[in-house]
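The next block holds one structure in the form of structure tokens; read it before the comments.
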Amino acid sequence: MSTAFMKEESAETASETLLPDRAISPHPNLVTEAGLEALELQLQKAREAYDAAGAIEDVNERRRQAAIPLRDTRYFSARIRTAQVIPNPTSFDIVAFGNTVTFSRSDGRVQTYRIVGEDEADPKAGSISFVAPVGKSLLGKAVGDVVSVGDQELEIIAIS
């Protein structure tokens, strides 16, 4: 068969299929039990998306559609492998990983966040990472303590 009729992968397709790995944090991979379950679910979804891409007949489109799920599979596999599950805290005297902390800001806002692992942090849903500036400053503190974060002061109102 003449090579004139063979489909060759374009440079554009090649660059779309060779995605760099997602960055892995240098911090310990602390997770809550729910955080580990979420990582496992994300890994399952990435594998399903990769399998679905494998069914695409066009080789270039198959590679393009498989690139992100393949990268995510590597990432979530590594995060699950290195996960250190931290049990839910049983003490509410000082802020620890997994606690929910309510604090007031010097501008009058009152906020509540659960301190969790990096992969499960979602400030809009009420959780922040233990390595985020606010999370780091709250760890080890007690109700009534005031901490400075940037130009704000935070006073801890409650720990649960």
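Chain labels A, B, ... are given in the sequence in which chains occur in the structure tokens; within each chain residues are numbered consecutively from 1, and ligands are likewise numbered from 1 in the order shown.
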
Report the closest atom pair, with its distance in Å rounded to one decimal, for each residue of range 6-112 of chain A that has an atom no farther than 7 Å from range 153-158 of chain A; count only C-alpha atoms, sort by chain and then rising residue number, and write it as a Markdown table.
```
| residue | atom | partner | partner_atom | distance |
| --- | --- | --- | --- | --- |
| A:Val101 | CA | A:Ala158 | CA | 5.8 |
| A:Thr102 | CA | A:Ala158 | CA | 5.0 |
| A:Phe103 | CA | A:Ile156 | CA | 4.3 |
| A:Ser104 | CA | A:Glu155 | CA | 5.3 |
| A:Arg105 | CA | A:Leu154 | CA | 4.6 |
| A:Ser106 | CA | A:Glu153 | CA | 5.2 |
```

Write the residues of the preceding selection, restricted to N, CA and C atoms, as an mmCIF file, in the first residue's frame.
```cif
data_model
loop_
_atom_site.group_PDB
_atom_site.id
_atom_site.type_symbol
_atom_site.label_atom_id
_atom_site.label_comp_id
_atom_site.auth_asym_id
_atom_site.auth_seq_id
_atom_site.Cartn_x
_atom_site.Cartn_y
_atom_site.Cartn_z
ATOM 1 N N VAL A 101 -12.798 24.160 62.087
ATOM 2 C CA VAL A 101 -12.460 25.327 62.886
ATOM 3 C C VAL A 101 -13.304 26.513 62.446
ATOM 4 N N THR A 102 -13.895 27.192 63.414
ATOM 5 C CA THR A 102 -14.622 28.429 63.142
ATOM 6 C C THR A 102 -13.790 29.570 63.711
ATOM 7 N N PHE A 103 -13.590 30.596 62.898
ATOM 8 C CA PHE A 103 -12.793 31.741 63.338
ATOM 9 C C PHE A 103 -13.394 33.026 62.795
ATOM 10 N N SER A 104 -13.091 34.106 63.502
ATOM 11 C CA SER A 104 -13.526 35.417 63.024
ATOM 12 C C SER A 104 -12.298 36.148 62.517
ATOM 13 N N ARG A 105 -12.488 36.861 61.438
ATOM 14 C CA ARG A 105 -11.403 37.653 60.843
ATOM 15 C C ARG A 105 -11.469 39.064 61.406
ATOM 16 N N SER A 106 -10.367 39.769 61.305
ATOM 17 C CA SER A 106 -10.320 41.137 61.816
ATOM 18 C C SER A 106 -11.256 42.063 61.040
#
```

Problem set entry | Surrounding residues of range 49-54 of chain A excluding itself and chain neighbours under 3 positions, 7 Å, only C-alpha atoms, as a PyMOL selection string | chain A and resi 45-46+62+65-66+69-70

| request: Within 8 Å of Ala96 in chain A, counting only C-alpha atoms, which residues show up once you throw out same-chain ones fewer than 4 positions away? Write them as a ChimeraX atom specification, please. | output: /A:89,115,139-140

Which residues, written as a short mmCIF file (atom, residue, chain, number, x, y, z; two decimals) with N, CA and C atoms, in the first residue's frame, have at least one atom at most 10 Å from Val85 in chain A, with only C-alpha atoms counted and residues fewer than 6 positions away on the same chain left out?
```
data_model
loop_
_atom_site.label_atom_id
_atom_site.label_comp_id
_atom_site.auth_asym_id
_atom_site.auth_seq_id
_atom_site.Cartn_x
_atom_site.Cartn_y
_atom_site.Cartn_z
N ASN A 29 1.56 13.30 52.26
CA ASN A 29 0.25 13.12 51.64
C ASN A 29 -0.76 12.68 52.70
N LEU A 30 -1.09 13.60 53.61
CA LEU A 30 -2.07 13.31 54.65
C LEU A 30 -3.47 13.39 54.05
N VAL A 31 -4.31 12.43 54.40
CA VAL A 31 -5.69 12.43 53.92
C VAL A 31 -6.62 11.98 55.03
N THR A 32 -7.86 12.43 54.95
CA THR A 32 -8.89 11.90 55.84
C THR A 32 -9.38 10.59 55.21
N GLU A 33 -10.19 9.85 55.93
CA GLU A 33 -10.76 8.62 55.37
C GLU A 33 -11.61 8.95 54.14
N ALA A 34 -12.38 10.04 54.22
CA ALA A 34 -13.20 10.47 53.08
C ALA A 34 -12.32 10.91 51.92
N GLY A 35 -11.17 11.51 52.24
CA GLY A 35 -10.24 11.95 51.21
C GLY A 35 -9.65 10.79 50.44
N LEU A 36 -9.34 9.70 51.14
CA LEU A 36 -8.83 8.51 50.47
C LEU A 36 -9.90 7.92 49.55
N GLY A 117 -6.42 17.18 53.68
CA GLY A 117 -5.29 16.99 52.78
C GLY A 117 -5.38 17.87 51.55
#
```

Write down as a ChimeraX atom specification the residues belonging to range 26-153 of chain A that are assigned alpha helix (DSSP H) by DSSP computed on the backbone. /A:33-54,59-82,133-138

Produce a file of the selected residues containing C-alpha atoms, as a PDB file, in the first residue's frame.
```pdb
ATOM      1  CA  GLU A  33     -10.756   8.624  55.365  1.00  0.00           C
ATOM      2  CA  ALA A  34     -13.202  10.465  53.083  1.00  0.00           C
ATOM      3  CA  GLY A  35     -10.241  11.954  51.212  1.00  0.00           C
ATOM      4  CA  LEU A  36      -8.833   8.505  50.468  1.00  0.00           C
ATOM      5  CA  GLU A  37     -12.237   7.371  49.207  1.00  0.00           C
ATOM      6  CA  ALA A  38     -12.390  10.452  46.956  1.00  0.00           C
ATOM      7  CA  LEU A  39      -8.932   9.671  45.538  1.00  0.00           C
ATOM      8  CA  GLU A  40     -10.016   6.091  44.841  1.00  0.00           C
ATOM      9  CA  LEU A  41     -13.154   7.344  43.084  1.00  0.00           C
ATOM     10  CA  GLN A  42     -11.113   9.755  40.959  1.00  0.00           C
ATOM     11  CA  LEU A  43      -8.763   6.912  40.010  1.00  0.00           C
ATOM     12  CA  GLN A  44     -11.725   4.761  39.021  1.00  0.00           C
ATOM     13  CA  LYS A  45     -13.158   7.584  36.867  1.00  0.00           C
ATOM     14  CA  ALA A  46      -9.780   8.146  35.178  1.00  0.00           C
ATOM     15  CA  ARG A  47      -9.491   4.429  34.382  1.00  0.00           C
ATOM     16  CA  GLU A  48     -13.032   4.365  32.989  1.00  0.00           C
ATOM     17  CA  ALA A  49     -12.297   7.393  30.785  1.00  0.00           C
ATOM     18  CA  TYR A  50      -9.088   5.746  29.570  1.00  0.00           C
ATOM     19  CA  ASP A  51     -10.965   2.524  28.772  1.00  0.00           C
ATOM     20  CA  ALA A  52     -13.630   4.496  26.904  1.00  0.00           C
ATOM     21  CA  ALA A  53     -10.932   6.251  24.874  1.00  0.00           C
ATOM     22  CA  GLY A  54      -9.485   2.861  23.976  1.00  0.00           C
ATOM     23  CA  VAL A  59      -5.784   6.266  16.438  1.00  0.00           C
ATOM     24  CA  ASN A  60      -5.075   9.990  16.695  1.00  0.00           C
ATOM     25  CA  GLU A  61      -8.408  10.721  18.366  1.00  0.00           C
ATOM     26  CA  ARG A  62      -7.951   7.704  20.661  1.00  0.00           C
ATOM     27  CA  ARG A  63      -4.550   9.030  21.774  1.00  0.00           C
ATOM     28  CA  ARG A  64      -5.931  12.534  22.233  1.00  0.00           C
ATOM     29  CA  GLN A  65      -8.886  11.312  24.325  1.00  0.00           C
ATOM     30  CA  ALA A  66      -6.679   8.965  26.391  1.00  0.00           C
ATOM     31  CA  ALA A  67      -4.007  11.537  27.284  1.00  0.00           C
ATOM     32  CA  ILE A  68      -5.713  13.214  30.241  1.00  0.00           C
ATOM     33  CA  PRO A  69      -7.142  10.011  31.773  1.00  0.00           C
ATOM     34  CA  LEU A  70      -3.737   8.330  31.457  1.00  0.00           C
ATOM     35  CA  ARG A  71      -2.022  11.264  33.198  1.00  0.00           C
ATOM     36  CA  ASP A  72      -4.732  11.314  35.902  1.00  0.00           C
ATOM     37  CA  THR A  73      -4.394   7.557  36.425  1.00  0.00           C
ATOM     38  CA  ARG A  74      -0.678   7.976  37.126  1.00  0.00           C
ATOM     39  CA  TYR A  75      -1.353  10.888  39.480  1.00  0.00           C
ATOM     40  CA  PHE A  76      -4.149   9.292  41.509  1.00  0.00           C
ATOM     41  CA  SER A  77      -2.287   5.965  41.695  1.00  0.00           C
ATOM     42  CA  ALA A  78       0.718   7.758  43.175  1.00  0.00           C
ATOM     43  CA  ARG A  79      -1.431   9.741  45.611  1.00  0.00           C
ATOM     44  CA  ILE A  80      -3.232   6.608  46.824  1.00  0.00           C
ATOM     45  CA  ARG A  81       0.062   4.727  47.159  1.00  0.00           C
ATOM     46  CA  THR A  82       1.572   7.509  49.329  1.00  0.00           C
ATOM     47  CA  PRO A 133      -1.394  29.566  54.974  1.00  0.00           C
ATOM     48  CA  VAL A 134      -4.622  29.656  57.010  1.00  0.00           C
ATOM     49  CA  GLY A 135      -4.513  25.906  57.680  1.00  0.00           C
ATOM     50  CA  LYS A 136      -0.868  26.024  58.809  1.00  0.00           C
ATOM     51  CA  SER A 137      -1.480  28.972  61.102  1.00  0.00           C
ATOM     52  CA  LEU A 138      -4.471  27.326  62.810  1.00  0.00           C
TER      53      LEU A 138
END
```

Item to check | Pick from A:Thr112, A:Ser127, A:Gln84, A:Asn99, whichever lies nearest to Ala142 in chain A using only C-alpha atoms | outcome: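 Nearest to Ala142 in chain A: A:Asn99.
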
>> Run DSSP on the backbone and tell me which residues of chain A come out as strand (DSSP E or B); list them as a ChimeraX atom specification.
In response: /A:30-31,84-85,94,100-105,110-116,122,127-129,142,146-149,152-159

Restricting it to N, CA, C and O atoms, dump the selection as a CSV table (one decimal), in the first residue's frame.
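Wrote it out as again_7.csv, contents follow:
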```
chain,number,residue,atom,x,y,z
A,30,LEU,N,-1.1,13.6,53.6
A,30,LEU,CA,-2.1,13.3,54.7
A,30,LEU,C,-3.5,13.4,54.0
A,30,LEU,O,-3.8,14.3,53.3
A,31,VAL,N,-4.3,12.4,54.4
A,31,VAL,CA,-5.7,12.4,53.9
A,31,VAL,C,-6.6,12.0,55.0
A,31,VAL,O,-6.2,11.2,55.9
A,84,GLN,N,-1.4,8.8,53.6
A,84,GLN,CA,-1.3,8.5,55.0
A,84,GLN,C,-2.6,8.9,55.7
A,84,GLN,O,-2.9,10.1,55.9
A,85,VAL,N,-3.5,7.9,55.9
A,85,VAL,CA,-4.8,8.2,56.4
A,85,VAL,C,-4.7,8.6,57.9
A,85,VAL,O,-4.1,7.9,58.7
A,94,ILE,N,-7.3,21.5,70.8
A,94,ILE,CA,-6.5,22.2,69.9
A,94,ILE,C,-6.7,21.8,68.5
A,94,ILE,O,-7.2,20.6,68.2
A,100,THR,N,-12.7,20.7,62.3
A,100,THR,CA,-13.4,21.9,61.7
A,100,THR,C,-13.2,23.0,62.6
A,100,THR,O,-13.5,22.9,63.9
A,101,VAL,N,-12.8,24.2,62.1
A,101,VAL,CA,-12.5,25.3,62.9
A,101,VAL,C,-13.3,26.5,62.4
A,101,VAL,O,-13.4,26.8,61.3
A,102,THR,N,-13.9,27.2,63.4
A,102,THR,CA,-14.6,28.4,63.1
A,102,THR,C,-13.8,29.6,63.7
A,102,THR,O,-13.3,29.5,64.9
A,103,PHE,N,-13.6,30.6,62.9
A,103,PHE,CA,-12.8,31.7,63.3
A,103,PHE,C,-13.4,33.0,62.8
A,103,PHE,O,-14.1,33.0,61.8
A,104,SER,N,-13.1,34.1,63.5
A,104,SER,CA,-13.5,35.4,63.0
A,104,SER,C,-12.3,36.1,62.5
A,104,SER,O,-11.2,36.1,63.1
A,105,ARG,N,-12.5,36.9,61.4
A,105,ARG,CA,-11.4,37.7,60.8
A,105,ARG,C,-11.5,39.1,61.4
A,105,ARG,O,-12.5,39.5,61.9
A,110,VAL,N,-17.0,35.8,59.7
A,110,VAL,CA,-16.8,34.6,60.4
A,110,VAL,C,-16.8,33.4,59.4
A,110,VAL,O,-17.7,33.4,58.6
A,111,GLN,N,-15.8,32.6,59.5
A,111,GLN,CA,-15.7,31.5,58.5
A,111,GLN,C,-15.4,30.2,59.3
A,111,GLN,O,-14.9,30.1,60.4
A,112,THR,N,-15.9,29.1,58.6
A,112,THR,CA,-15.7,27.7,59.2
A,112,THR,C,-15.1,26.9,58.1
A,112,THR,O,-15.6,26.8,57.0
A,113,TYR,N,-14.0,26.2,58.4
A,113,TYR,CA,-13.3,25.3,57.5
A,113,TYR,C,-12.8,24.0,58.2
A,113,TYR,O,-12.5,24.1,59.4
A,114,ARG,N,-12.9,22.9,57.5
A,114,ARG,CA,-12.3,21.7,57.9
A,114,ARG,C,-10.9,21.6,57.4
A,114,ARG,O,-10.7,21.9,56.2
A,115,ILE,N,-9.9,21.2,58.2
A,115,ILE,CA,-8.5,21.1,57.7
A,115,ILE,C,-8.3,19.7,57.2
A,115,ILE,O,-8.4,18.7,58.0
A,116,VAL,N,-8.0,19.6,55.9
A,116,VAL,CA,-7.8,18.3,55.3
A,116,VAL,C,-6.6,18.3,54.4
A,116,VAL,O,-5.8,19.2,54.4
A,122,ASP,N,-11.2,22.1,49.3
A,122,ASP,CA,-12.1,22.8,48.5
A,122,ASP,C,-12.7,24.0,49.3
A,122,ASP,O,-13.7,23.8,50.0
A,127,SER,N,-13.5,23.4,53.1
A,127,SER,CA,-12.3,22.7,53.5
A,127,SER,C,-11.1,23.3,53.0
A,127,SER,O,-11.1,23.8,51.8
A,128,ILE,N,-10.0,23.4,53.8
A,128,ILE,CA,-8.8,23.9,53.4
A,128,ILE,C,-7.7,22.9,53.7
A,128,ILE,O,-7.8,22.1,54.6
A,129,SER,N,-6.6,23.1,52.9
A,129,SER,CA,-5.4,22.2,53.1
A,129,SER,C,-4.7,22.5,54.4
A,129,SER,O,-4.5,23.7,54.8
A,142,ALA,N,-5.7,26.9,70.0
A,142,ALA,CA,-6.9,26.6,70.8
A,142,ALA,C,-7.9,27.7,70.7
A,142,ALA,O,-7.6,28.8,70.1
A,146,VAL,N,-5.4,33.9,68.8
A,146,VAL,CA,-5.4,34.8,67.6
A,146,VAL,C,-4.1,34.5,66.8
A,146,VAL,O,-3.0,34.5,67.4
A,147,VAL,N,-4.3,34.3,65.5
A,147,VAL,CA,-3.2,34.1,64.6
A,147,VAL,C,-3.2,35.2,63.5
A,147,VAL,O,-4.3,35.7,63.2
A,148,SER,N,-2.0,35.5,63.0
A,148,SER,CA,-1.9,36.4,61.9
A,148,SER,C,-1.7,35.7,60.6
A,148,SER,O,-0.8,34.8,60.5
A,149,VAL,N,-2.5,36.0,59.6
A,149,VAL,CA,-2.3,35.4,58.2
A,149,VAL,C,-2.3,36.6,57.3
A,149,VAL,O,-3.4,37.2,57.1
A,152,GLN,N,-4.4,39.9,57.9
A,152,GLN,CA,-5.6,39.6,58.7
A,152,GLN,C,-5.2,38.9,60.0
A,152,GLN,O,-4.2,38.2,60.1
A,153,GLU,N,-6.0,39.2,61.1
A,153,GLU,CA,-5.9,38.4,62.3
A,153,GLU,C,-7.1,37.5,62.4
A,153,GLU,O,-8.2,38.0,62.1
A,154,LEU,N,-6.9,36.3,62.8
A,154,LEU,CA,-8.0,35.3,62.9
A,154,LEU,C,-8.1,34.9,64.4
A,154,LEU,O,-7.1,34.5,65.0
A,155,GLU,N,-9.3,35.0,64.9
A,155,GLU,CA,-9.5,34.5,66.3
A,155,GLU,C,-10.3,33.2,66.2
A,155,GLU,O,-11.4,33.2,65.7
A,156,ILE,N,-9.8,32.2,66.9
A,156,ILE,CA,-10.5,30.9,66.8
A,156,ILE,C,-11.7,30.9,67.8
A,156,ILE,O,-11.5,31.3,69.0
A,157,ILE,N,-12.9,30.6,67.3
A,157,ILE,CA,-14.1,30.7,68.0
A,157,ILE,C,-14.5,29.3,68.5
A,157,ILE,O,-15.0,29.1,69.6
A,158,ALA,N,-14.3,28.3,67.6
A,158,ALA,CA,-14.8,27.0,68.0
A,158,ALA,C,-14.0,25.9,67.2
A,158,ALA,O,-13.5,26.2,66.1
A,159,ILE,N,-13.8,24.8,67.8
A,159,ILE,CA,-13.1,23.6,67.2
A,159,ILE,C,-14.1,22.4,67.3
A,159,ILE,O,-14.5,22.1,68.4
```

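Distances from A:Ala125, A:Val143, A:Val131, A:Ala83 to Phe97 in chain A were compared using only C-alpha atoms, and the smallest one belongs to A:Val131.
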